[in-house]
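Q: Quick one, model05.pdb (PDB, C-alpha atoms and all ligand atoms):
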MODEL        1
ATOM      1  CA  MET A 237     -52.251  18.310 -19.737  1.00  0.00           C
ATOM      2  CA  LYS A 238     -53.282  18.872 -16.191  1.00  0.00           C
ATOM      3  CA  LYS A 239     -52.133  21.638 -13.956  1.00  0.00           C
ATOM      4  CA  GLU A 240     -49.582  20.734 -11.412  1.00  0.00           C
ATOM      5  CA  GLN A 241     -49.802  22.016  -7.867  1.00  0.00           C
ATOM      6  CA  THR A 242     -46.589  21.883  -5.911  1.00  0.00           C
ATOM      7  CA  THR A 243     -48.125  22.667  -2.576  1.00  0.00           C
ATOM      8  CA  LYS A 244     -48.292  20.362   0.370  1.00  0.00           C
ATOM      9  CA  ARG A 245     -51.464  20.119   2.323  1.00  0.00           C
ATOM     10  CA  SER A 246     -52.858  19.378   5.710  1.00  0.00           C
ATOM     11  CA  VAL A 247     -56.407  18.233   6.054  1.00  0.00           C
ATOM     12  CA  GLN A 248     -58.587  19.375   8.903  1.00  0.00           C
ATOM     13  CA  GLY A 249     -62.002  17.881   9.472  1.00  0.00           C
ATOM     14  CA  GLY A 250     -65.077  19.703  10.715  1.00  0.00           C
ATOM     15  CA  ASN A 251     -63.899  19.434  14.301  1.00  0.00           C
ATOM     16  CA  GLY A 252     -60.301  20.119  13.368  1.00  0.00           C
ATOM     17  CA  LYS A 253     -59.019  16.671  14.367  1.00  0.00           C
ATOM     18  CA  THR A 254     -58.157  14.982  11.052  1.00  0.00           C
ATOM     19  CA  ARG A 255     -54.872  16.121   9.620  1.00  0.00           C
ATOM     20  CA  LYS A 256     -52.646  15.169   6.749  1.00  0.00           C
ATOM     21  CA  LYS A 257     -49.586  17.278   6.135  1.00  0.00           C
ATOM     22  CA  VAL A 258     -48.345  18.473   2.867  1.00  0.00           C
ATOM     23  CA  ALA A 259     -46.603  21.963   2.947  1.00  0.00           C
ATOM     24  CA  LYS A 260     -46.466  25.309   1.353  1.00  0.00           C
ATOM     25  CA  LYS A 261     -46.027  28.901   1.969  1.00  0.00           C
ATOM     26  CA  ARG A 262     -45.963  32.230   0.346  1.00  0.00           C
ATOM     27  CA  LYS A 263     -44.225  35.311   1.271  1.00  0.00           C
ATOM     28  CA  ARG A 264     -45.025  38.550   0.011  1.00  0.00           C
ATOM     29  CA  LYS A 265     -44.296  42.072  -0.554  1.00  0.00           C
ATOM     30  CA  ALA A 266     -44.737  43.786  -3.816  1.00  0.00           C
ATOM     31  CA  PRO A 267     -41.525  45.325  -5.075  1.00  0.00           C
ATOM     32  CA  GLU A 268     -41.149  48.764  -6.523  1.00  0.00           C
ATOM     33  CA  ALA A 269     -42.539  48.463 -10.023  1.00  0.00           C
ATOM     34  CA  ALA A 270     -39.268  49.499 -11.673  1.00  0.00           C
ATOM     35  CA  ASP A 271     -36.932  47.473  -9.479  1.00  0.00           C
ATOM     36  CA  LEU A 272     -36.273  44.461 -11.656  1.00  0.00           C
ATOM     37  CA  THR A 273     -32.524  44.283 -11.250  1.00  0.00           C
ATOM     38  CA  ILE A 274     -32.790  41.038  -9.341  1.00  0.00           C
ATOM     39  CA  VAL A 275     -34.490  39.523 -12.391  1.00  0.00           C
ATOM     40  CA  ASP A 276     -31.344  40.161 -14.427  1.00  0.00           C
ATOM     41  CA  GLU A 277     -29.213  38.599 -11.713  1.00  0.00           C
ATOM     42  CA  ILE A 278     -31.391  35.515 -11.644  1.00  0.00           C
ATOM     43  CA  ILE A 279     -31.333  35.210 -15.433  1.00  0.00           C
ATOM     44  CA  GLY A 280     -27.559  35.614 -15.396  1.00  0.00           C
ATOM     45  CA  ARG A 281     -27.164  32.672 -13.055  1.00  0.00           C
ATOM     46  CA  HIS A 282     -29.261  30.394 -15.258  1.00  0.00           C
ATOM     47  CA  GLN A 283     -28.339  31.634 -18.707  1.00  0.00           C
ATOM     48  CA  GLY A 284     -27.349  28.843 -21.068  1.00  0.00           C
ATOM     49  CA  ALA A 285     -28.646  26.121 -18.768  1.00  0.00           C
ATOM     50  CA  GLU A 286     -31.086  23.658 -20.227  1.00  0.00           C
ATOM     51  CA  GLY A 287     -34.621  23.963 -18.882  1.00  0.00           C
ATOM     52  CA  ALA A 288     -33.798  27.232 -17.143  1.00  0.00           C
ATOM     53  CA  LEU A 289     -37.212  28.821 -17.539  1.00  0.00           C
ATOM     54  CA  ILE A 290     -38.996  27.197 -14.612  1.00  0.00           C
ATOM     55  CA  PRO A 291     -36.129  27.644 -12.134  1.00  0.00           C
ATOM     56  CA  VAL A 292     -35.876  31.294 -13.204  1.00  0.00           C
ATOM     57  CA  LEU A 293     -39.606  31.818 -12.734  1.00  0.00           C
ATOM     58  CA  GLN A 294     -39.454  30.091  -9.361  1.00  0.00           C
ATOM     59  CA  GLU A 295     -36.626  32.313  -8.190  1.00  0.00           C
ATOM     60  CA  VAL A 296     -38.292  35.466  -9.476  1.00  0.00           C
ATOM     61  CA  GLN A 297     -41.499  34.533  -7.719  1.00  0.00           C
ATOM     62  CA  GLY A 298     -39.541  33.550  -4.612  1.00  0.00           C
ATOM     63  CA  HIS A 299     -38.099  37.051  -4.507  1.00  0.00           C
ATOM     64  CA  TYR A 300     -41.148  39.130  -5.384  1.00  0.00           C
ATOM     65  CA  GLY A 301     -43.940  36.823  -4.273  1.00  0.00           C
ATOM     66  CA  TYR A 302     -45.265  36.865  -7.854  1.00  0.00           C
ATOM     67  CA  ILE A 303     -43.965  37.330 -11.402  1.00  0.00           C
ATOM     68  CA  PRO A 304     -44.011  41.059 -12.141  1.00  0.00           C
ATOM     69  CA  GLU A 305     -45.259  41.605 -15.680  1.00  0.00           C
ATOM     70  CA  GLY A 306     -42.198  43.696 -16.491  1.00  0.00           C
ATOM     71  CA  ALA A 307     -40.046  40.675 -15.721  1.00  0.00           C
ATOM     72  CA  VAL A 308     -41.491  38.622 -18.559  1.00  0.00           C
ATOM     73  CA  PRO A 309     -39.842  40.519 -21.468  1.00  0.00           C
ATOM     74  CA  ARG A 310     -36.509  40.432 -19.632  1.00  0.00           C
ATOM     75  CA  ILE A 311     -36.715  36.716 -19.054  1.00  0.00           C
ATOM     76  CA  ALA A 312     -37.784  36.198 -22.671  1.00  0.00           C
ATOM     77  CA  GLU A 313     -34.807  38.135 -23.933  1.00  0.00           C
ATOM     78  CA  GLY A 314     -32.335  36.688 -21.450  1.00  0.00           C
ATOM     79  CA  LEU A 315     -33.309  33.059 -22.053  1.00  0.00           C
ATOM     80  CA  LYS A 316     -34.166  33.533 -25.726  1.00  0.00           C
ATOM     81  CA  VAL A 317     -37.711  32.262 -25.429  1.00  0.00           C
ATOM     82  CA  TYR A 318     -40.939  33.800 -26.609  1.00  0.00           C
ATOM     83  CA  PRO A 319     -42.940  35.759 -24.029  1.00  0.00           C
ATOM     84  CA  SER A 320     -45.939  33.663 -25.066  1.00  0.00           C
ATOM     85  CA  SER A 321     -44.026  30.546 -23.953  1.00  0.00           C
ATOM     86  CA  ILE A 322     -43.440  32.137 -20.567  1.00  0.00           C
ATOM     87  CA  TYR A 323     -47.110  32.989 -20.168  1.00  0.00           C
ATOM     88  CA  GLY A 324     -47.931  29.454 -21.282  1.00  0.00           C
ATOM     89  CA  VAL A 325     -45.718  27.964 -18.565  1.00  0.00           C
ATOM     90  CA  MET A 326     -47.176  30.306 -15.950  1.00  0.00           C
ATOM     91  CA  THR A 327     -50.688  29.327 -16.972  1.00  0.00           C
ATOM     92  CA  PHE A 328     -49.865  25.652 -16.877  1.00  0.00           C
ATOM     93  CA  TYR A 329     -48.225  25.667 -13.464  1.00  0.00           C
ATOM     94  CA  SER A 330     -50.639  27.103 -10.942  1.00  0.00           C
ATOM     95  CA  GLN A 331     -47.770  27.943  -8.609  1.00  0.00           C
ATOM     96  CA  PHE A 332     -46.974  31.051 -10.673  1.00  0.00           C
ATOM     97  CA  ASN A 333     -48.893  34.282 -10.187  1.00  0.00           C
ATOM     98  CA  LEU A 334     -48.841  37.443 -12.235  1.00  0.00           C
ATOM     99  CA  LYS A 335     -50.397  39.498  -9.489  1.00  0.00           C
ATOM    100  CA  PRO A 336     -49.240  40.116  -5.940  1.00  0.00           C
ATOM    101  CA  MET A 337     -50.968  37.621  -3.688  1.00  0.00           C
ATOM    102  CA  GLY A 338     -52.234  38.021  -0.163  1.00  0.00           C
ATOM    103  CA  LYS A 339     -50.363  36.725   2.855  1.00  0.00           C
ATOM    104  CA  ASN A 340     -53.066  34.056   3.186  1.00  0.00           C
ATOM    105  CA  ILE A 341     -54.529  32.291   0.165  1.00  0.00           C
ATOM    106  CA  ILE A 342     -58.087  31.074   0.632  1.00  0.00           C
ATOM    107  CA  ARG A 343     -59.130  28.469  -1.914  1.00  0.00           C
ATOM    108  CA  VAL A 344     -62.797  27.622  -1.889  1.00  0.00           C
ATOM    109  CA  CYS A 345     -63.423  24.284  -3.578  1.00  0.00           C
ATOM    110  CA  CYS A 346     -66.068  24.382  -6.283  1.00  0.00           C
ATOM    111  CA  GLY A 347     -65.802  20.718  -7.258  1.00  0.00           C
ATOM    112  CA  THR A 348     -68.969  18.656  -7.603  1.00  0.00           C
ATOM    113  CA  ALA A 349     -69.081  17.262  -4.063  1.00  0.00           C
ATOM    114  CA  CYS A 350     -68.492  20.680  -2.536  1.00  0.00           C
ATOM    115  CA  HIS A 351     -70.945  22.329  -4.897  1.00  0.00           C
ATOM    116  CA  VAL A 352     -73.663  19.872  -3.882  1.00  0.00           C
ATOM    117  CA  LYS A 353     -72.930  20.500  -0.198  1.00  0.00           C
ATOM    118  CA  GLY A 354     -73.281  24.263  -0.452  1.00  0.00           C
ATOM    119  CA  ALA A 355     -69.895  25.624  -1.537  1.00  0.00           C
ATOM    120  CA  GLU A 356     -71.637  28.538  -3.217  1.00  0.00           C
ATOM    121  CA  ARG A 357     -72.981  29.849   0.086  1.00  0.00           C
ATOM    122  CA  VAL A 358     -69.513  29.536   1.589  1.00  0.00           C
ATOM    123  CA  SER A 359     -68.013  31.421  -1.372  1.00  0.00           C
ATOM    124  CA  SER A 360     -70.577  34.168  -0.986  1.00  0.00           C
ATOM    125  CA  LYS A 361     -69.783  34.512   2.705  1.00  0.00           C
ATOM    126  CA  PHE A 362     -66.062  34.877   2.048  1.00  0.00           C
ATOM    127  CA  LYS A 363     -66.722  37.453  -0.682  1.00  0.00           C
ATOM    128  CA  GLU A 364     -69.056  39.347   1.608  1.00  0.00           C
ATOM    129  CA  ILE A 365     -66.653  39.450   4.559  1.00  0.00           C
ATOM    130  CA  LEU A 366     -63.513  40.164   2.569  1.00  0.00           C
ATOM    131  CA  LYS A 367     -65.277  42.540   0.184  1.00  0.00           C
ATOM    132  CA  VAL A 368     -63.438  41.149  -2.834  1.00  0.00           C
ATOM    133  CA  PRO A 369     -64.586  39.046  -5.791  1.00  0.00           C
ATOM    134  CA  MET A 370     -63.070  35.649  -6.507  1.00  0.00           C
ATOM    135  CA  GLY A 371     -59.502  35.881  -7.731  1.00  0.00           C
ATOM    136  CA  GLU A 372     -58.778  39.136  -5.936  1.00  0.00           C
ATOM    137  CA  THR A 373     -56.701  40.218  -2.970  1.00  0.00           C
ATOM    138  CA  THR A 374     -57.877  42.361  -0.095  1.00  0.00           C
ATOM    139  CA  GLU A 375     -56.557  45.879   0.106  1.00  0.00           C
ATOM    140  CA  ASP A 376     -54.473  45.111   3.196  1.00  0.00           C
ATOM    141  CA  ARG A 377     -52.960  42.142   1.296  1.00  0.00           C
ATOM    142  CA  ASN A 378     -53.892  39.815   4.090  1.00  0.00           C
ATOM    143  CA  PHE A 379     -56.101  37.528   1.971  1.00  0.00           C
ATOM    144  CA  THR A 380     -56.415  36.356  -1.621  1.00  0.00           C
ATOM    145  CA  LEU A 381     -59.682  34.612  -2.417  1.00  0.00           C
ATOM    146  CA  GLU A 382     -59.726  31.921  -5.099  1.00  0.00           C
ATOM    147  CA  GLN A 383     -62.145  29.328  -6.352  1.00  0.00           C
ATOM    148  CA  VAL A 384     -60.538  26.012  -7.242  1.00  0.00           C
ATOM    149  CA  ALA A 385     -61.558  22.598  -8.524  1.00  0.00           C
ATOM    150  CA  CYS A 386     -61.546  19.519  -6.290  1.00  0.00           C
ATOM    151  CA  ILE A 387     -58.795  19.683  -3.680  1.00  0.00           C
ATOM    152  CA  GLY A 388     -59.104  15.996  -2.858  1.00  0.00           C
ATOM    153  CA  ALA A 389     -61.054  16.248   0.373  1.00  0.00           C
ATOM    154  CA  CYS A 390     -64.500  15.399  -1.005  1.00  0.00           C
ATOM    155  CA  SER A 391     -65.529  13.490   2.110  1.00  0.00           C
ATOM    156  CA  LEU A 392     -65.152  16.760   3.985  1.00  0.00           C
ATOM    157  CA  ALA A 393     -67.224  18.785   1.498  1.00  0.00           C
ATOM    158  CA  PRO A 394     -67.664  21.642   1.379  1.00  0.00           C
ATOM    159  CA  ALA A 395     -63.948  22.143   1.760  1.00  0.00           C
ATOM    160  CA  VAL A 396     -61.819  25.248   1.919  1.00  0.00           C
ATOM    161  CA  MET A 397     -58.060  25.346   1.760  1.00  0.00           C
ATOM    162  CA  VAL A 398     -56.236  28.154   3.518  1.00  0.00           C
ATOM    163  CA  ASN A 399     -52.535  28.166   2.712  1.00  0.00           C
ATOM    164  CA  ASP A 400     -51.520  24.588   3.552  1.00  0.00           C
ATOM    165  CA  GLU A 401     -54.561  23.574   5.572  1.00  0.00           C
ATOM    166  CA  VAL A 402     -57.843  22.104   4.450  1.00  0.00           C
ATOM    167  CA  HIS A 403     -60.914  22.977   6.488  1.00  0.00           C
ATOM    168  CA  GLY A 404     -63.773  20.548   6.025  1.00  0.00           C
ATOM    169  CA  LYS A 405     -67.568  20.726   6.307  1.00  0.00           C
ATOM    170  CA  VAL A 406     -67.416  24.479   6.236  1.00  0.00           C
ATOM    171  CA  THR A 407     -70.606  26.431   6.809  1.00  0.00           C
ATOM    172  CA  PRO A 408     -70.993  30.142   6.080  1.00  0.00           C
ATOM    173  CA  ASP A 409     -70.783  30.818   9.821  1.00  0.00           C
ATOM    174  CA  GLU A 410     -67.564  28.855  10.053  1.00  0.00           C
ATOM    175  CA  ALA A 411     -66.128  30.921   7.229  1.00  0.00           C
ATOM    176  CA  VAL A 412     -66.097  33.830   9.644  1.00  0.00           C
ATOM    177  CA  LYS A 413     -64.266  31.796  12.279  1.00  0.00           C
ATOM    178  CA  ILE A 414     -61.752  30.525   9.730  1.00  0.00           C
ATOM    179  CA  LEU A 415     -60.876  34.058   8.703  1.00  0.00           C
ATOM    180  CA  ASP A 416     -60.426  35.059  12.337  1.00  0.00           C
ATOM    181  CA  GLN A 417     -57.741  32.388  12.673  1.00  0.00           C
ATOM    182  CA  TYR A 418     -55.658  33.957   9.945  1.00  0.00           C
ATOM    183  CA  LYS A 419     -56.157  37.629  10.624  1.00  0.00           C
ATOM    184  CA  SER A 420     -52.968  39.371  11.584  1.00  0.00           C
TER     185      SER A 420
HETATM  186  S1  LIG B   1     -65.125  18.423  -4.709  1.00  0.00           S
HETATM  187 FE1  LIG B   1     -64.393  19.710  -3.119  1.00  0.00          FE
HETATM  188  S2  LIG B   1     -62.819  18.523  -2.275  1.00  0.00           S
HETATM  189 FE2  LIG B   1     -63.514  17.296  -3.887  1.00  0.00          FE
ENDMDL
END
Turn the structure described in the file into structure tokens.

A:
Amino acid sequence: MKKEQTTKRSVQGGNGKTRKKVAKKRKRKAPEAADLTIVDEIIGRHQGAEGALIPVLQEVQGHYGYIPEGAVPRIAEGLKVYPSSIYGVMTFYSQFNLKPMGKNIIRVCCGTACHVKGAERVSSKFKEILKVPMGETTEDRNFTLEQVACIGACSLAPAVMVNDEVHGKVTPDEAVKILDQYKS
């Protein structure tokens, strides 16, 4: 089965004029590691309901910004499902994260069209500026850098998606400018 992405998206061409909206957001603040009481509350509200796992995971992530690892055994026990099933669901649905994410998620497309048009150089530039490898979050939690497969903007390759916006025909130099737009 294919992963499902529940984000909406806006597409921005090289000159920033082309746009197609789709939406999404993330909020974020890592909780105290031990503070999982809200997880029990969320489970309590869904206990006994059919298909409760995904709504529970969504609410837990909505609260914490990610699924704290300590929450998994509680959810497993509360909903009477195997922890492996929970990890399986989280792996299948890319909306779920086990690690705290940055305020801004940068997704560099590594699909064929983008690869051919120099996505690797763009990736390297982001890694160099942010000083993090792919899949990691900057220390200030401002950015998470990810490599993803085709984001559906091949005509704008190489493409980079930042939160809900797609930036097209990105050069390494433009990577710097893109980051400047999202710095807080
Ligand atoms: S391959 Fe990058 S958008 Fe399609």

Q: Collect all residues with atoms no farther than 8 Å from ligand LIG 1 (chain B), counting all atoms listed in the file, and output them as a short mmCIF file (atom, residue, chain, number, x, y, z; two decimals) with C-alpha atoms, keeping the file's coordinate frame.

A:
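Output saved as selection03.cif:
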data_model
loop_
_atom_site.label_atom_id
_atom_site.label_comp_id
_atom_site.auth_asym_id
_atom_site.auth_seq_id
_atom_site.Cartn_x
_atom_site.Cartn_y
_atom_site.Cartn_z
CA CYS A 345 -63.42 24.28 -3.58
CA CYS A 346 -66.07 24.38 -6.28
CA GLY A 347 -65.80 20.72 -7.26
CA THR A 348 -68.97 18.66 -7.60
CA ALA A 349 -69.08 17.26 -4.06
CA CYS A 350 -68.49 20.68 -2.54
CA HIS A 351 -70.94 22.33 -4.90
CA ALA A 385 -61.56 22.60 -8.52
CA CYS A 386 -61.55 19.52 -6.29
CA ILE A 387 -58.80 19.68 -3.68
CA GLY A 388 -59.10 16.00 -2.86
CA ALA A 389 -61.05 16.25 0.37
CA CYS A 390 -64.50 15.40 -1.00
CA SER A 391 -65.53 13.49 2.11
CA LEU A 392 -65.15 16.76 3.98
CA ALA A 393 -67.22 18.78 1.50
CA PRO A 394 -67.66 21.64 1.38
CA ALA A 395 -63.95 22.14 1.76
CA VAL A 396 -61.82 25.25 1.92
#

Q: Spell out the residues picked by the PyMOL selection byres (((chain A and resi 315) around 12) and not hetatm) here, as a VMD selection string.

A: chain A and resid 275 to 276 278 to 293 307 to 314 316 to 319 321 to 322

Q: Kindly indicate which residue among A:Gln331, A:Ser320, A:Asn399, A:Thr374 lies nearest to Gly301 in chain A, using all atoms listed in the file for the distances.

A: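 The shortest atom-to-atom distance to Gly301 in chain A comes from A:Gln331.
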
Q: Starting from the displayed file, determine the output of the PyMOL selection byres (((chain A and resi 378) around 9) and not hetatm) and express the residue list as a list in words.

A: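 Output of the PyMOL selection byres (((chain A and resi 378) around 9) and not hetatm): Met337, Gly338, Lys339, Asn340, Ile341, Thr373, Thr374, Glu375, Asp376, Arg377, Phe379, Thr380, Tyr418, Lys419 and Ser420 of chain A.
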
Q: Pick out the closest residue to Leu334 in chain A from this set: A:Glu305, A:Ile365, A:Glu277, A:Pro408. Count all atoms listed in the file.

A: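 So, comparing all the options, the nearest one is A:Glu305.
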
Q: So that I can see what lies close to Leu381 in chain A, please list as a ChimeraX atom specification the residues with an atom at most 7 Å from it, counting only C-alpha atoms and leaving out residues fewer than 6 positions away in the same chain.

A: /A:341-343,370-373

Q: Could you write out the selected residues, including C-alpha atoms, as an mmCIF file, keeping the file's coordinate frame?

A:
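Full text of again.cif as output:
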data_model
loop_
_atom_site.group_PDB
_atom_site.id
_atom_site.type_symbol
_atom_site.label_atom_id
_atom_site.label_comp_id
_atom_site.auth_asym_id
_atom_site.auth_seq_id
_atom_site.Cartn_x
_atom_site.Cartn_y
_atom_site.Cartn_z
ATOM 1 C CA ILE A 341 -54.529 32.291 0.165
ATOM 2 C CA ILE A 342 -58.087 31.074 0.632
ATOM 3 C CA ARG A 343 -59.130 28.469 -1.914
ATOM 4 C CA MET A 370 -63.070 35.649 -6.507
ATOM 5 C CA GLY A 371 -59.502 35.881 -7.731
ATOM 6 C CA GLU A 372 -58.778 39.136 -5.936
ATOM 7 C CA THR A 373 -56.701 40.218 -2.970
#

Q: Separation of CA of Ser360 in chain A and CA of Tyr329 in chain A, in Å?

A: 27.0 Å

Q: Would you kindly translate the PyMOL selection byres (((chain A and resi 303) around 6) and not hetatm) into the concrete residues it picks from this file, as a ChimeraX atom specification?

A: /A:297,302,304,333-334

Q: Store the residues picked out above, limited to C-alpha atoms, as a compact mmCIF listing (two decimals), in the coordinates of the input.

A:
# COMPACT_ATOMS: atom_id res chain seq x y z
CA GLN A 297 -41.50 34.53 -7.72
CA TYR A 302 -45.26 36.86 -7.85
CA PRO A 304 -44.01 41.06 -12.14
CA ASN A 333 -48.89 34.28 -10.19
CA LEU A 334 -48.84 37.44 -12.24

Q: CA of His403 in chain A to CA of Val344 in chain A: how many Å, to one decimal?

A: 9.8 Å

Q: For Lys363 in chain A, which of A:Met397, A:Asp271, A:Gly324, A:Val412 is the closest residue, counting all atoms listed in the file?

A: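 Under the stated criterion, the closest residue is A:Val412.
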
Q: For each of A:Glu295, A:Glu364, A:Glu401, A:Glu382, take the minimum atom-to-atom distance to Ser330 in chain A, counting only C-alpha atoms, then give the residue where this is smallest.

A: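 Nearest candidate to Ser330 in chain A out of A:Glu295, A:Glu364, A:Glu401, A:Glu382: A:Glu382.
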
Q: Work out how far apart CA of Phe328 in chain A and CA of Ser359 in chain A are and give it in Å to one decimal.

A: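 Atom-to-atom, CA of Phe328 in chain A and CA of Ser359 in chain A are spaced 24.6 Å apart.
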